[in-house]
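Q: Quick one: structure below, then a few questions.
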Number of protein chains: 2
Amino acid sequence: MNLDLADLHGSLADPLLDAMTFLNEATIRYPEAVSFAPGRPYEGFFEPEYVPRYLDAYLTHLAERGLDRDAVRTTLFQYGPTKGIIADLVARTLANDEGLSVAPEALVLTVGAQEGMLLTLRALCAGRDDVLLVSSPCYVGVTGAARLLDLATVPVPEGPEGGPDPEAVRAAARAVRAEGRRPRALYVVPDFANPSGASMPVDARTRLLEAAAEEGLLVVEDNPYGFFARTPSPRPTLKALDRDGRVVYLGSFAKTCFPGARLGYVVADQRVAGPGGRRGLLADELAKLKSMTTVNTPALSQAVIGGMLLTHDCRLRAANARATARYAAGMDTLLRELDRHFPASERRRLGVSWNRPEGGFFAVLTVPFTADDVAMERCAREFGVLWTPMAPFYPAGGGEHRLRLSISSLTQSQIIGGVAKLAAFIAS
Amino acid sequence: MNLDLADLHGSLADPLLDAMTFLNEATIRYPEAVSFAPGRPYEGFFEPEYVPRYLDAYLTHLAERGLDRDAVRTTLFQYGPTKGIIADLVARTLANDEGLSVAPEALVLTVGAQEGMLLTLRALCAGRDDVLLVSSPCYVGVTGAARLLDLATVPVPEGPEGGPDPEAVRAAARAVRAEGRRPRALYVVPDFANPSGASMPVDARTRLLEAAAEEGLLVVEDNPYGFFARTPSPRPTLKALDRDGRVVYLGSFAKTCFPGARLGYVVADQRVAGPGGRRGLLADELAKLKSMTTVNTPALSQAVIGGMLLTHDCRLRAANARATARYAAGMDTLLRELDRHFPASERRRLGVSWNRPEGGFFAVLTVPFTADDVAMERCAREFGVLWTPMAPFYPAGGGEHRLRLSISSLTQSQIIGGVAKLAAFIAS
């Protein structure tokens, strides 16, 4: 039985997915190319032998908490609570690393932050007229989840400070309202955003929360990279600055532990008032939706990550000190090599510029040509360098002359060699 | 910030979820009760020590296939292919156990069959007028997924042979079409259905496929329990009987391996024709949607289940021989004890009857009173037995006098004692 693509769900024919597919194919076709494309963590610190050790640490922890062998077996192997089994350990980690005081019952463990995003958008945006505001350029996972749910998004440009500009948020919310729709929530990555690499100063965070409050917006804060801040006292999250329970916080263990566990979480401590004075937590409403997407998050993944948290005393910043130093050095090298290959006069002459992220995985380079799939493939084929076109990250268009460079999985010498090749490509 | 439940997504206030919550709470309140409620597998065959062994078996397999240590590390710890990493092993298992010849590229590994269901419904039912036909009574996961997607479902009554009656399918499809909507697909569990326990004879399967062909329906076959057939030659799946690529097949390792891995899969070998003569597989379209729900299925879960498949030579029927015998004995005991407590005269006098599943986890008992939450709680409190009300499984109402009994997690003596208590409750 042949199916017609036109007859399948609209999100299937998606320019962004096509771009990602093209990029993946290019990665396979040019295996020797230096790839600034993947946003994945450095894997040199992972060892397969750790997995049984972490698992054992978690099972020992269960036994110490008084679970007998049968109860341990049930916890590891059976269907479990929809909200997850390691909320207590995640709450301790958030307290240690982010100064966030979160009740374990306000947490939902999810299959990556992506599932958390999908559940959050589904729960909050209930009506056909609800609209999600997203920073632009925007992480593709959130616009993808919105498309899956047929939820309208409206882009809000990132300001020069990083993060959506508070005035632009107000203007977008009002424009949406003027059309008879409801601006319901704002999606934002305040630290080392993907794809821009930008981070919001503390006062910009405060002003963004003020704008959200004035416009009656919930804020969905996604924080996969904040743990890699190089400063001894990192900036507070929006959730930490939130005084009126406006922020739903999405966390991920993909970068701080490892992606193969596919473990994320949502902090959803908002109180929900139901009929007849019934009250509950938004986390419980998300759990109900989760029973329709994946039922539970794998106990296996939770047990291994739980053991990893226990092994590191629920302190992922300390546990990731080596990784943080590595990423910081990678970003420094990238910016230094760009400076070296494109001195100020050369920059002006060629029309090349870039931003200066304080850390994280990503930086954005502006170039004088259209940075599309064709250019990317030529760059890979003729110059041996891969990167990610930025245009697909702009929901309303734009970014055609920009490309994203990721340093997270590269060595120092790969970055040095890669920038040299990239410079040759740009000069050509 | 307080949120109003009425302002959140409609599926949040769901009678079925409320019923399940009530049941879970009753299970916690009456821990000593014999529970015929949970549909989970018996866990006595699971041992935590097996996990590192299975993981090791899979990593050894990768090494034997020529992957060096770095490549093994990438496979286990990194983001991986959206379609999964153990499709080859799943395909071998389907060939051995079901006689199904499936190309690995037509498989998508999912976070439980639930995610497979969500992706399949989302892909197939693209338009606002698309309707999913479901057997009634129906597994709640599929109606839940449809609700999450705002997809309309139309129930088709299960016939006396088990499975949706082909004539009823035709009638439902025509009625939907007469309303100007498109009957797009039919969801069916042909073997040991949840909740009815019924299985379709082979000729009923053939006739159902004929009806689907006549009405232009795709068939979504969900098969979590078929592996536990006690006959040496189990009935062919709809997928095995399918001659024109009409069936999308959902598989699960929750019952044949263990639920804590949350691993399922979709066989989606339909060809999809795109613009410009582009052709692909439905599996690839599902993978694109999956990148919006969970990005990948945890490599950790796939590696452990992959190792389990390798350990058992990709033959789960043989590996589950002890479990199958246990479930079969449990079902026999349940039916025998019901016969003993309710002899024919007593059945008529009380208005009690039940079906006689050939295997699987579930049987359905019809009682002379309303088998609702109130009755269930009284039965737990006063008689020490728990069961599942059937009414929530009927999308269009019905089943008020029915209850579901599951034997999967009970011992012989629990079943014997439980039926005695249940009989006392019914007599009261």
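Letters A, B, ... go to the chains of the structure tokens in the order shown; residues in each chain start at 1; ligands are counted from 1 in the same order.
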What's around stretch 252-263 of chain B at 7 Å? Count only C-alpha atoms, leave out sequence neighbours fewer than 6 positions away in its own chain, and write the answer as a list of chain:residue names.
A: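 The contact residues come out as A:Leu76, A:Phe77, A:Gln78, A:Tyr79, A:Pro298, A:Ala299, A:Leu300, B:Pro41, B:Thr110, B:Val111, B:Gly112, B:Ala113, B:Pro224, B:Ser301, B:Leu316, B:Asn320.
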Q: Using only C-alpha atoms, determine which residues lie at most 7 Å from A:Arg92, disregarding the query and same-chain residues fewer than 4 positions distant; provide the list as a PyMOL selection string.
A: chain A and resi 88+96+314
Q: Mind checking DSSP for stretch 248-281 of chain B and telling me the helix (DSSP H, G or I) residues as a PyMOL selection string?
A: chain B and resi 259-261+275-277
Q: How would the residues just picked look written out with N, CA, C and O atoms as a PDB file, in the first residue's frame?
A:
```pdb
ATOM      1  N   PRO B 259       9.475  -4.064  31.655  1.00  0.00           N
ATOM      2  CA  PRO B 259       8.926  -2.721  31.432  1.00  0.00           C
ATOM      3  C   PRO B 259       9.914  -1.590  31.703  1.00  0.00           C
ATOM      4  O   PRO B 259       9.818  -0.533  31.083  1.00  0.00           O
ATOM      5  N   GLY B 260      10.851  -1.794  32.629  1.00  0.00           N
ATOM      6  CA  GLY B 260      11.738  -0.705  33.050  1.00  0.00           C
ATOM      7  C   GLY B 260      12.660  -0.193  31.964  1.00  0.00           C
ATOM      8  O   GLY B 260      13.273   0.860  32.116  1.00  0.00           O
ATOM      9  N   ALA B 261      12.774  -0.937  30.851  1.00  0.00           N
ATOM     10  CA  ALA B 261      13.551  -0.415  29.716  1.00  0.00           C
ATOM     11  C   ALA B 261      12.703   0.518  28.859  1.00  0.00           C
ATOM     12  O   ALA B 261      13.229   1.327  28.111  1.00  0.00           O
ATOM     13  N   PRO B 275       6.832  14.574  -3.226  1.00  0.00           N
ATOM     14  CA  PRO B 275       6.863  15.399  -4.437  1.00  0.00           C
ATOM     15  C   PRO B 275       8.117  15.097  -5.257  1.00  0.00           C
ATOM     16  O   PRO B 275       9.143  14.705  -4.712  1.00  0.00           O
ATOM     17  N   GLY B 276       8.000  15.248  -6.547  1.00  0.00           N
ATOM     18  CA  GLY B 276       9.149  15.054  -7.435  1.00  0.00           C
ATOM     19  C   GLY B 276       9.591  13.594  -7.502  1.00  0.00           C
ATOM     20  O   GLY B 276      10.767  13.314  -7.728  1.00  0.00           O
ATOM     21  N   GLY B 277       8.663  12.677  -7.247  1.00  0.00           N
ATOM     22  CA  GLY B 277       9.019  11.262  -7.372  1.00  0.00           C
ATOM     23  C   GLY B 277       9.868  10.742  -6.224  1.00  0.00           C
ATOM     24  O   GLY B 277      10.331   9.606  -6.255  1.00  0.00           O
TER      25      GLY B 277
END
```
Q: Considering only C-alpha atoms, can you say which of A:Thr21, A:Ser428, A:Thr231, A:Gln114 comes closest to chain B?
A: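 Selected residue with least distance to chain B: A:Gln114.
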Q: Write out as a VMD selection string the residues lying within 9 Å of A:Phe383, counting only C-alpha atoms and excluding same-chain residues fewer than 6 positions away.
A: chain A and resid 33 421 to 422 424 to 425
Q: How would the residues just chosen look if you wrote them out with N, CA, C and O atoms as a PDB file, in the first residue's frame?
A:
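Result file follows (selection_24.pdb):
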```pdb
ATOM      1  N   ALA A  33      36.064  15.315   7.373  1.00  0.00           N
ATOM      2  CA  ALA A  33      35.924  16.763   7.579  1.00  0.00           C
ATOM      3  C   ALA A  33      35.912  17.083   9.078  1.00  0.00           C
ATOM      4  O   ALA A  33      35.445  16.286   9.887  1.00  0.00           O
ATOM      5  N   LYS A 421      40.766  26.151   7.753  1.00  0.00           N
ATOM      6  CA  LYS A 421      40.085  25.703   6.537  1.00  0.00           C
ATOM      7  C   LYS A 421      38.847  26.560   6.246  1.00  0.00           C
ATOM      8  O   LYS A 421      38.557  26.894   5.097  1.00  0.00           O
ATOM      9  N   LEU A 422      38.146  26.896   7.318  1.00  0.00           N
ATOM     10  CA  LEU A 422      36.950  27.726   7.165  1.00  0.00           C
ATOM     11  C   LEU A 422      37.331  29.099   6.605  1.00  0.00           C
ATOM     12  O   LEU A 422      36.642  29.647   5.731  1.00  0.00           O
ATOM     13  N   ALA A 424      39.874  29.756   4.731  1.00  0.00           N
ATOM     14  CA  ALA A 424      40.204  29.579   3.311  1.00  0.00           C
ATOM     15  C   ALA A 424      38.929  29.510   2.478  1.00  0.00           C
ATOM     16  O   ALA A 424      38.833  30.100   1.391  1.00  0.00           O
ATOM     17  N   PHE A 425      37.929  28.820   3.006  1.00  0.00           N
ATOM     18  CA  PHE A 425      36.646  28.722   2.293  1.00  0.00           C
ATOM     19  C   PHE A 425      36.005  30.104   2.137  1.00  0.00           C
ATOM     20  O   PHE A 425      35.558  30.475   1.043  1.00  0.00           O
TER      21      PHE A 425
END
```
Q: Report the distance between atom CA of B:Arg340 and atom CA of B:Thr324 in Å, rounded to one decimal place.
A: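 That distance, rounded to one decimal, is 24.1 Å.
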Q: Applying 8 Å and only C-alpha atoms, which residues near stretch 353-366 of chain A remain after dropping the ones on its own chain fewer than 4 positions away? List them as an MDAnalysis selection string.
A: chainID A and resid 39 191:199 225:226 228:230 327:328 331 335 347 401:408
Q: Output N, CA and C atoms for every residue in that selection, as an mmCIF file, in the first residue's frame.
A:
```cif
data_model
loop_
_atom_site.group_PDB
_atom_site.id
_atom_site.type_symbol
_atom_site.label_atom_id
_atom_site.label_comp_id
_atom_site.auth_asym_id
_atom_site.auth_seq_id
_atom_site.Cartn_x
_atom_site.Cartn_y
_atom_site.Cartn_z
ATOM 1 N N GLY A 39 25.989 19.470 18.104
ATOM 2 C CA GLY A 39 25.900 20.101 19.420
ATOM 3 C C GLY A 39 25.995 19.091 20.546
ATOM 4 N N ASP A 191 20.935 30.872 29.054
ATOM 5 C CA ASP A 191 22.379 30.628 29.162
ATOM 6 C C ASP A 191 22.913 29.894 27.950
ATOM 7 N N PHE A 192 23.868 30.540 27.246
ATOM 8 C CA PHE A 192 24.568 29.896 26.123
ATOM 9 C C PHE A 192 23.578 29.268 25.156
ATOM 10 N N ALA A 193 22.663 30.076 24.679
ATOM 11 C CA ALA A 193 21.544 29.575 23.872
ATOM 12 C C ALA A 193 22.019 28.785 22.658
ATOM 13 N N ASN A 194 21.216 27.838 22.288
ATOM 14 C CA ASN A 194 21.364 27.131 21.029
ATOM 15 C C ASN A 194 20.335 27.735 20.079
ATOM 16 N N PRO A 195 20.704 28.344 18.979
ATOM 17 C CA PRO A 195 22.008 28.309 18.327
ATOM 18 C C PRO A 195 22.920 29.506 18.586
ATOM 19 N N SER A 196 22.459 30.573 19.242
ATOM 20 C CA SER A 196 23.245 31.824 19.196
ATOM 21 C C SER A 196 24.448 31.819 20.119
ATOM 22 N N GLY A 197 24.436 30.973 21.155
ATOM 23 C CA GLY A 197 25.529 30.988 22.117
ATOM 24 C C GLY A 197 25.414 32.107 23.136
ATOM 25 N N ALA A 198 24.438 33.020 22.955
ATOM 26 C CA ALA A 198 24.321 34.206 23.806
ATOM 27 C C ALA A 198 23.783 33.864 25.194
ATOM 28 N N SER A 199 24.166 34.681 26.179
ATOM 29 C CA SER A 199 23.666 34.549 27.552
ATOM 30 C C SER A 199 23.122 35.885 28.016
ATOM 31 N N TYR A 225 22.612 24.137 29.023
ATOM 32 C CA TYR A 225 24.034 24.468 28.973
ATOM 33 C C TYR A 225 24.524 25.255 30.183
ATOM 34 N N GLY A 226 23.606 25.740 31.027
ATOM 35 C CA GLY A 226 23.980 26.647 32.117
ATOM 36 C C GLY A 226 24.986 26.045 33.083
ATOM 37 N N PHE A 228 27.629 24.717 32.454
ATOM 38 C CA PHE A 228 29.002 24.845 31.993
ATOM 39 C C PHE A 228 29.523 26.282 32.079
ATOM 40 N N ALA A 229 28.877 27.102 32.913
ATOM 41 C CA ALA A 229 29.387 28.455 33.125
ATOM 42 C C ALA A 229 30.777 28.359 33.734
ATOM 43 N N ARG A 230 31.691 29.210 33.234
ATOM 44 C CA ARG A 230 33.048 29.083 33.759
ATOM 45 C C ARG A 230 33.257 29.921 35.013
ATOM 46 N N TYR A 327 35.400 22.841 27.414
ATOM 47 C CA TYR A 327 34.551 23.637 26.528
ATOM 48 C C TYR A 327 35.005 25.104 26.529
ATOM 49 N N ALA A 328 35.380 25.605 27.716
ATOM 50 C CA ALA A 328 35.821 27.006 27.803
ATOM 51 C C ALA A 328 37.080 27.205 26.962
ATOM 52 N N MET A 331 36.124 27.231 23.299
ATOM 53 C CA MET A 331 35.521 28.492 22.856
ATOM 54 C C MET A 331 36.594 29.572 22.739
ATOM 55 N N LEU A 335 37.515 31.617 19.245
ATOM 56 C CA LEU A 335 37.463 33.069 19.093
ATOM 57 C C LEU A 335 38.848 33.633 18.763
ATOM 58 N N ARG A 347 38.095 41.697 8.390
ATOM 59 C CA ARG A 347 36.681 41.520 8.711
ATOM 60 C C ARG A 347 35.819 42.483 7.915
ATOM 61 N N HIS A 401 22.769 34.579 6.105
ATOM 62 C CA HIS A 401 24.214 34.787 5.999
ATOM 63 C C HIS A 401 24.941 34.346 7.260
ATOM 64 N N ARG A 402 24.281 33.527 8.044
ATOM 65 C CA ARG A 402 24.900 33.115 9.301
ATOM 66 C C ARG A 402 25.097 31.617 9.354
ATOM 67 N N LEU A 403 26.118 31.224 10.101
ATOM 68 C CA LEU A 403 26.324 29.797 10.339
ATOM 69 C C LEU A 403 26.709 29.589 11.794
ATOM 70 N N ARG A 404 26.332 28.416 12.297
ATOM 71 C CA ARG A 404 26.626 28.081 13.700
ATOM 72 C C ARG A 404 27.871 27.215 13.761
ATOM 73 N N LEU A 405 28.750 27.580 14.692
ATOM 74 C CA LEU A 405 29.944 26.771 14.940
ATOM 75 C C LEU A 405 29.862 26.185 16.339
ATOM 76 N N SER A 406 29.986 24.872 16.444
ATOM 77 C CA SER A 406 29.990 24.227 17.756
ATOM 78 C C SER A 406 31.379 23.688 18.054
ATOM 79 N N ILE A 407 31.852 23.934 19.271
ATOM 80 C CA ILE A 407 33.195 23.455 19.643
ATOM 81 C C ILE A 407 33.141 22.237 20.567
ATOM 82 N N SER A 408 31.940 21.790 20.906
ATOM 83 C CA SER A 408 31.824 20.875 22.041
ATOM 84 C C SER A 408 32.509 19.530 21.837
#
```
Q: For A:Pro183, find every residue with an atom within 8 Å (counting only C-alpha atoms), except residues of its own chain fewer than 3 positions away, and show them as a list of chain:residue names.
A: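 Contacts, with the query itself left out: A:Asp130, A:Val131, A:Leu132, A:Leu133, A:Ala173, A:Val176, A:Arg177, A:Leu217.
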Q: Got a sec: who's within 7 Å of stretch 136-138 of chain A, counting only C-alpha atoms, leaving out chain neighbours fewer than 5 positions off, as a JSON list (two decimals) with C-alpha atoms, in the first residue's frame?
A:
```
[["chain", "number", "residue", "atom", "x", "y", "z"],
["A", 155, "PRO", "CA", 9.22, 34.70, 17.00],
["A", 156, "VAL", "CA", 10.65, 37.44, 19.22],
["A", 157, "PRO", "CA", 14.07, 38.68, 18.09],
["A", 158, "GLU", "CA", 17.01, 38.09, 20.41],
["A", 195, "PRO", "CA", 22.01, 28.31, 18.33],
["A", 196, "SER", "CA", 23.24, 31.82, 19.20],
["A", 393, "PHE", "CA", 16.68, 28.38, 13.29],
["A", 394, "TYR", "CA", 14.73, 31.53, 12.33],
["A", 395, "PRO", "CA", 11.00, 30.68, 12.44]]
```
Q: Counting only C-alpha atoms, which residue out of A:Arg205, A:Cys379, A:Ala91, A:Pro166 sits closest to A:Ala103?
A: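 For A:Ala103, the nearest of the candidates is A:Ala91.
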Q: Considering only C-alpha atoms, return as number ranges by chain whatever protein or nucleic-acid residues lie within 8 Å of A:Asp222, sequence-local ones (same chain, fewer than 4 positions apart) excluded.
A: A: 187-190, 249-251
Q: Residues as selected, N, CA, C and O atoms, written as a compact mmCIF listing (two decimals), in the first residue's frame, can you do that?
A:
```
# COMPACT_ATOMS: atom_id res chain seq x y z
N TYR A 187 9.13 30.99 25.31
CA TYR A 187 10.21 30.00 25.44
C TYR A 187 11.55 30.72 25.35
O TYR A 187 11.77 31.50 24.42
N VAL A 188 12.45 30.42 26.30
CA VAL A 188 13.73 31.12 26.31
C VAL A 188 14.84 30.24 26.89
O VAL A 188 14.61 29.44 27.81
N VAL A 189 16.04 30.36 26.29
CA VAL A 189 17.25 29.69 26.81
C VAL A 189 18.19 30.81 27.26
O VAL A 189 18.88 31.39 26.43
N PRO A 190 18.21 31.14 28.56
CA PRO A 190 18.97 32.33 28.97
C PRO A 190 20.48 32.12 28.98
O PRO A 190 21.22 33.11 28.95
N TYR A 249 10.55 25.22 34.36
CA TYR A 249 11.98 25.03 34.08
C TYR A 249 12.24 23.66 33.49
O TYR A 249 11.81 22.64 34.05
N LEU A 250 12.91 23.64 32.33
CA LEU A 250 13.26 22.37 31.67
C LEU A 250 14.74 22.08 31.88
O LEU A 250 15.59 22.92 31.58
N GLY A 251 15.02 20.91 32.41
CA GLY A 251 16.41 20.50 32.63
C GLY A 251 16.75 19.29 31.81
O GLY A 251 15.87 18.57 31.32
```
